[in-house]
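Below: the structure, in structure tokens.
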Amino acid sequence: VQLQASGGGLVQPGGSLRLSCAASGRTFSSYAMGWFRQAPGKERESVATIGWSGGSTYYVDSVKGRFTISRDNAKNTVYLQMNSLKPEDTAVYYCGAVSSTAQAMGVMKIGPNAWSWGQGTLVTVSS
């Protein structure tokens with residue numbers, strides 16, 4: 001599967017952005033999906049995951065209540081709605097796909113080598 005992320009940009013603290021990740025291929029619905037981010041000088045970290053059907057989602061504590069992951073299998077697209085953005089959310093955001101039927105919490109535990117990655121999109125939160 002090939003992934004193309006978009007939607008990043010510069011936003012003020014407290015603002016919102018919606019990231020999109022379009023996937024190629026006819027088996028999108030068989031993949032669990034995730035969003036990850038990498039801040040300057042830091043390792044890539046998980047942000048949110050969603051199961052193959054969209055019925056389960058999971059978030060890291062730092063984004064709970066502010067970010068929402070969703071997917072549209074008819075459009076082969078996964079989204080990340082980011083609200084109440086903070087400067088510490090500044091990072092390059094990546095979407096990933098993994099062949100898994102696990103619930104979203106289990107998907108987040110899958111090691112990085114199993115994932116297919118798209119190119120990142122930069123989110124900068126600054127006044």
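Ordering of the structure tokens sets the chain letters (A, B, ...); residue numbers start at 1 within each chain; ligands are numbered from 1 in the order shown.
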Contacts of stretch 3-93 of chain A with stretch 119-122 of chain A up to 8 Å, shortest pair per row, only C-alpha atoms, as JSON lines:
{"residue": "A:Leu3", "atom": "CA", "partner": "A:Gln119", "partner_atom": "CA", "distance": 7.4}
{"residue": "A:Gln4", "atom": "CA", "partner": "A:Gln119", "partner_atom": "CA", "distance": 6.4}
{"residue": "A:Ala5", "atom": "CA", "partner": "A:Thr121", "partner_atom": "CA", "distance": 6.2}
{"residue": "A:Ser6", "atom": "CA", "partner": "A:Thr121", "partner_atom": "CA", "distance": 5.8}
{"residue": "A:Gly7", "atom": "CA", "partner": "A:Thr121", "partner_atom": "CA", "distance": 7.0}
{"residue": "A:Gly8", "atom": "CA", "partner": "A:Leu122", "partner_atom": "CA", "distance": 5.1}
{"residue": "A:Gly9", "atom": "CA", "partner": "A:Leu122", "partner_atom": "CA", "distance": 6.2}
{"residue": "A:Thr90", "atom": "CA", "partner": "A:Leu122", "partner_atom": "CA", "distance": 7.8}
{"residue": "A:Ala91", "atom": "CA", "partner": "A:Leu122", "partner_atom": "CA", "distance": 6.0}
{"residue": "A:Val92", "atom": "CA", "partner": "A:Leu122", "partner_atom": "CA", "distance": 4.3}
{"residue": "A:Tyr93", "atom": "CA", "partner": "A:Gly120", "partner_atom": "CA", "distance": 5.2}
> Can you tell me, as a list in words, what residues are no more than 9 Å from A:Met105 when counting only C-alpha atoms, ignoring any on the same chain fewer than 6 positions away?
Replying inline: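 These residues fall inside the cut-off: Thr49, Ile50, Gly51, Ser56, Thr57, Tyr58 and Tyr59 of chain A.
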>> Could you go through stretch 67-127 of chain A and tell me which residues DSSP, when run on the backbone, assigns to strand (DSSP E or B), listing them as a PyMOL selection string?
In response: chain A and resi 67-72+77-82+91-99+116-117+119+121-125
Could those residues be written to a file, using N, CA and C atoms, as a PDB file, in the first residue's frame?
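Writing the result to again-v5.pdb gives the following:
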ATOM      1  N   PHE A  67      -7.567  15.146  19.693  1.00  0.00           N
ATOM      2  CA  PHE A  67      -7.416  14.595  18.340  1.00  0.00           C
ATOM      3  C   PHE A  67      -8.454  13.502  18.110  1.00  0.00           C
ATOM      4  N   THR A  68      -8.882  13.375  16.865  1.00  0.00           N
ATOM      5  CA  THR A  68      -9.810  12.315  16.478  1.00  0.00           C
ATOM      6  C   THR A  68      -9.333  11.674  15.186  1.00  0.00           C
ATOM      7  N   ILE A  69      -9.151  10.367  15.228  1.00  0.00           N
ATOM      8  CA  ILE A  69      -8.790   9.620  14.019  1.00  0.00           C
ATOM      9  C   ILE A  69     -10.050   8.986  13.449  1.00  0.00           C
ATOM     10  N   SER A  70     -10.159   8.995  12.136  1.00  0.00           N
ATOM     11  CA  SER A  70     -11.304   8.374  11.478  1.00  0.00           C
ATOM     12  C   SER A  70     -10.856   7.873  10.117  1.00  0.00           C
ATOM     13  N   ARG A  71     -11.693   7.080   9.493  1.00  0.00           N
ATOM     14  CA  ARG A  71     -11.354   6.557   8.174  1.00  0.00           C
ATOM     15  C   ARG A  71     -12.601   6.426   7.328  1.00  0.00           C
ATOM     16  N   ASP A  72     -12.422   6.547   6.026  1.00  0.00           N
ATOM     17  CA  ASP A  72     -13.481   6.346   5.056  1.00  0.00           C
ATOM     18  C   ASP A  72     -12.974   5.290   4.089  1.00  0.00           C
ATOM     19  N   THR A  77      -9.144   6.573   2.611  1.00  0.00           N
ATOM     20  CA  THR A  77      -8.537   7.717   3.286  1.00  0.00           C
ATOM     21  C   THR A  77      -8.717   7.609   4.795  1.00  0.00           C
ATOM     22  N   VAL A  78      -7.670   7.997   5.510  1.00  0.00           N
ATOM     23  CA  VAL A  78      -7.733   8.115   6.961  1.00  0.00           C
ATOM     24  C   VAL A  78      -7.459   9.567   7.321  1.00  0.00           C
ATOM     25  N   TYR A  79      -8.107  10.038   8.363  1.00  0.00           N
ATOM     26  CA  TYR A  79      -8.022  11.436   8.769  1.00  0.00           C
ATOM     27  C   TYR A  79      -7.530  11.555  10.209  1.00  0.00           C
ATOM     28  N   LEU A  80      -6.986  12.720  10.505  1.00  0.00           N
ATOM     29  CA  LEU A  80      -6.665  13.064  11.881  1.00  0.00           C
ATOM     30  C   LEU A  80      -7.127  14.495  12.102  1.00  0.00           C
ATOM     31  N   GLN A  81      -8.214  14.649  12.833  1.00  0.00           N
ATOM     32  CA  GLN A  81      -8.703  15.966  13.211  1.00  0.00           C
ATOM     33  C   GLN A  81      -7.994  16.385  14.486  1.00  0.00           C
ATOM     34  N   MET A  82      -7.315  17.514  14.424  1.00  0.00           N
ATOM     35  CA  MET A  82      -6.530  17.988  15.563  1.00  0.00           C
ATOM     36  C   MET A  82      -7.095  19.321  16.031  1.00  0.00           C
ATOM     37  N   ALA A  91       5.455  18.952  14.838  1.00  0.00           N
ATOM     38  CA  ALA A  91       6.168  17.750  14.412  1.00  0.00           C
ATOM     39  C   ALA A  91       5.847  17.476  12.950  1.00  0.00           C
ATOM     40  N   VAL A  92       6.603  16.556  12.384  1.00  0.00           N
ATOM     41  CA  VAL A  92       6.223  15.978  11.105  1.00  0.00           C
ATOM     42  C   VAL A  92       5.309  14.797  11.415  1.00  0.00           C
ATOM     43  N   TYR A  93       4.139  14.812  10.814  1.00  0.00           N
ATOM     44  CA  TYR A  93       3.147  13.766  11.043  1.00  0.00           C
ATOM     45  C   TYR A  93       3.164  12.781   9.884  1.00  0.00           C
ATOM     46  N   TYR A  94       3.165  11.503  10.230  1.00  0.00           N
ATOM     47  CA  TYR A  94       3.198  10.425   9.256  1.00  0.00           C
ATOM     48  C   TYR A  94       1.974   9.532   9.432  1.00  0.00           C
ATOM     49  N   CYS A  95       1.443   9.054   8.321  1.00  0.00           N
ATOM     50  CA  CYS A  95       0.437   8.014   8.435  1.00  0.00           C
ATOM     51  C   CYS A  95       1.098   6.677   8.123  1.00  0.00           C
ATOM     52  N   GLY A  96       0.535   5.636   8.690  1.00  0.00           N
ATOM     53  CA  GLY A  96       1.060   4.303   8.493  1.00  0.00           C
ATOM     54  C   GLY A  96      -0.068   3.298   8.325  1.00  0.00           C
ATOM     55  N   ALA A  97       0.251   2.200   7.670  1.00  0.00           N
ATOM     56  CA  ALA A  97      -0.703   1.123   7.449  1.00  0.00           C
ATOM     57  C   ALA A  97      -0.064  -0.198   7.855  1.00  0.00           C
ATOM     58  N   VAL A  98      -0.863  -1.037   8.476  1.00  0.00           N
ATOM     59  CA  VAL A  98      -0.360  -2.355   8.886  1.00  0.00           C
ATOM     60  C   VAL A  98      -1.462  -3.383   8.660  1.00  0.00           C
ATOM     61  N   SER A  99      -1.089  -4.525   8.139  1.00  0.00           N
ATOM     62  CA  SER A  99      -2.050  -5.593   7.898  1.00  0.00           C
ATOM     63  C   SER A  99      -2.355  -6.272   9.223  1.00  0.00           C
ATOM     64  N   SER A 116       3.811   0.086   6.818  1.00  0.00           N
ATOM     65  CA  SER A 116       4.137   0.823   5.602  1.00  0.00           C
ATOM     66  C   SER A 116       3.900   2.291   5.900  1.00  0.00           C
ATOM     67  N   TRP A 117       4.840   3.141   5.471  1.00  0.00           N
ATOM     68  CA  TRP A 117       4.786   4.559   5.818  1.00  0.00           C
ATOM     69  C   TRP A 117       4.589   5.435   4.605  1.00  0.00           C
ATOM     70  N   GLN A 119       4.949   9.621   3.225  1.00  0.00           N
ATOM     71  CA  GLN A 119       5.826  10.758   3.528  1.00  0.00           C
ATOM     72  C   GLN A 119       5.118  11.610   4.569  1.00  0.00           C
ATOM     73  N   THR A 121       3.904  15.088   6.762  1.00  0.00           N
ATOM     74  CA  THR A 121       3.404  16.435   6.544  1.00  0.00           C
ATOM     75  C   THR A 121       3.684  17.243   7.808  1.00  0.00           C
ATOM     76  N   LEU A 122       4.247  18.435   7.627  1.00  0.00           N
ATOM     77  CA  LEU A 122       4.718  19.228   8.763  1.00  0.00           C
ATOM     78  C   LEU A 122       3.582  20.032   9.379  1.00  0.00           C
ATOM     79  N   VAL A 123       3.458  19.902  10.681  1.00  0.00           N
ATOM     80  CA  VAL A 123       2.519  20.705  11.467  1.00  0.00           C
ATOM     81  C   VAL A 123       3.329  21.584  12.406  1.00  0.00           C
ATOM     82  N   THR A 124       3.121  22.882  12.305  1.00  0.00           N
ATOM     83  CA  THR A 124       3.814  23.833  13.162  1.00  0.00           C
ATOM     84  C   THR A 124       2.776  24.625  13.938  1.00  0.00           C
ATOM     85  N   VAL A 125       2.875  24.568  15.249  1.00  0.00           N
ATOM     86  CA  VAL A 125       1.955  25.297  16.118  1.00  0.00           C
ATOM     87  C   VAL A 125       2.742  26.412  16.793  1.00  0.00           C
TER      88      VAL A 125
END
> atom CA of A:Gly65 to atom CA of A:Lys42: how many Å, to one decimal?
Replying inline: 23.4 Å
>> For A:Val60, find every residue with an atom within 9 Å (counting only C-alpha atoms), except residues of its own chain fewer than 5 positions away, and show them as a list in words.
In response: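 Once the adjacent positions are removed, what remains is Ser46, Val47 and Ala48 of chain A.
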>> Calculated over only C-alpha atoms, which of the candidates A:Lys86, A:Tyr31, A:Leu10, A:Gly25 has the smallest distance to A:Val107?
In response: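 The closest residue to A:Val107 is A:Tyr31.
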> Of the candidates A:Val63, A:Val1, A:Ala39, A:Ala102, which one gets nearest to A:Arg26 if we count only C-alpha atoms?
Replying inline: A:Val1
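Candidate residues A:Pro87, A:Trp115, A:Lys109, A:Asn76 were compared for distance to A:Phe28, and the nearest is A:Asn76, using only C-alpha atoms.
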> Separation of atom CA of A:Pro40 and atom CA of A:Arg66, in Å?
Replying inline: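 Atom-to-atom, atom CA of A:Pro40 to atom CA of A:Arg66, that is 21.7 Å.
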Where does DSSP see alpha helix (DSSP H) in stretch 41-119 of chain A, if you list the residues as a JSON list (two decimals) with N, CA and C atoms, in the first residue's frame?
[["chain", "number", "residue", "atom", "x", "y", "z"],
["A", 104, "ALA", "N", -7.67, -1.40, 17.93],
["A", 104, "ALA", "CA", -6.74, -0.27, 17.78],
["A", 104, "ALA", "C", -5.67, -0.24, 18.87],
["A", 105, "MET", "N", -6.02, -0.61, 20.08],
["A", 105, "MET", "CA", -5.03, -0.59, 21.15],
["A", 105, "MET", "C", -3.92, -1.60, 20.87],
["A", 106, "GLY", "N", -4.29, -2.76, 20.35],
["A", 106, "GLY", "CA", -3.30, -3.76, 19.97],
["A", 106, "GLY", "C", -2.47, -3.33, 18.78],
["A", 107, "VAL", "N", -3.10, -2.60, 17.87],
["A", 107, "VAL", "CA", -2.39, -2.13, 16.69],
["A", 107, "VAL", "C", -1.25, -1.20, 17.09]]
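Proximity of A:Lys75, A:Asn83, A:Lys64, A:Gly111 to A:Ala22, computed with only C-alpha atoms, is greatest for A:Lys75.
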>> For a test of reading the model, state the distance in Å between atom CA of A:Arg37 and atom CA of A:Ser24, rounded to one decimal.
In response: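 Separation between atom CA of A:Arg37 and atom CA of A:Ser24: 21.4 Å.
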>> At a cut-off of 8 Å, using only C-alpha atoms, what residues contact A:Gln12? Leave out same-chain residues fewer than 4 positions from it and give the result as a PyMOL selection string.
In response: chain A and resi 85+125-127
Just-selected residues, N, CA, C and O atoms written as a compact mmCIF listing (two decimals), in the first residue's frame:
# COMPACT_ATOMS: atom_id res chain seq x y z
N LEU A 85 -4.75 22.78 19.44
CA LEU A 85 -3.34 22.46 19.21
C LEU A 85 -2.43 23.26 20.14
O LEU A 85 -2.71 24.41 20.49
N VAL A 125 2.88 24.57 15.25
CA VAL A 125 1.95 25.30 16.12
C VAL A 125 2.74 26.41 16.79
O VAL A 125 3.58 26.17 17.65
N SER A 126 2.45 27.62 16.38
CA SER A 126 3.23 28.75 16.87
C SER A 126 2.44 30.04 16.70
O SER A 126 1.66 30.18 15.75
N SER A 127 2.67 30.96 17.60
CA SER A 127 2.05 32.27 17.48
C SER A 127 2.98 33.24 16.79
O SER A 127 2.63 34.41 16.58
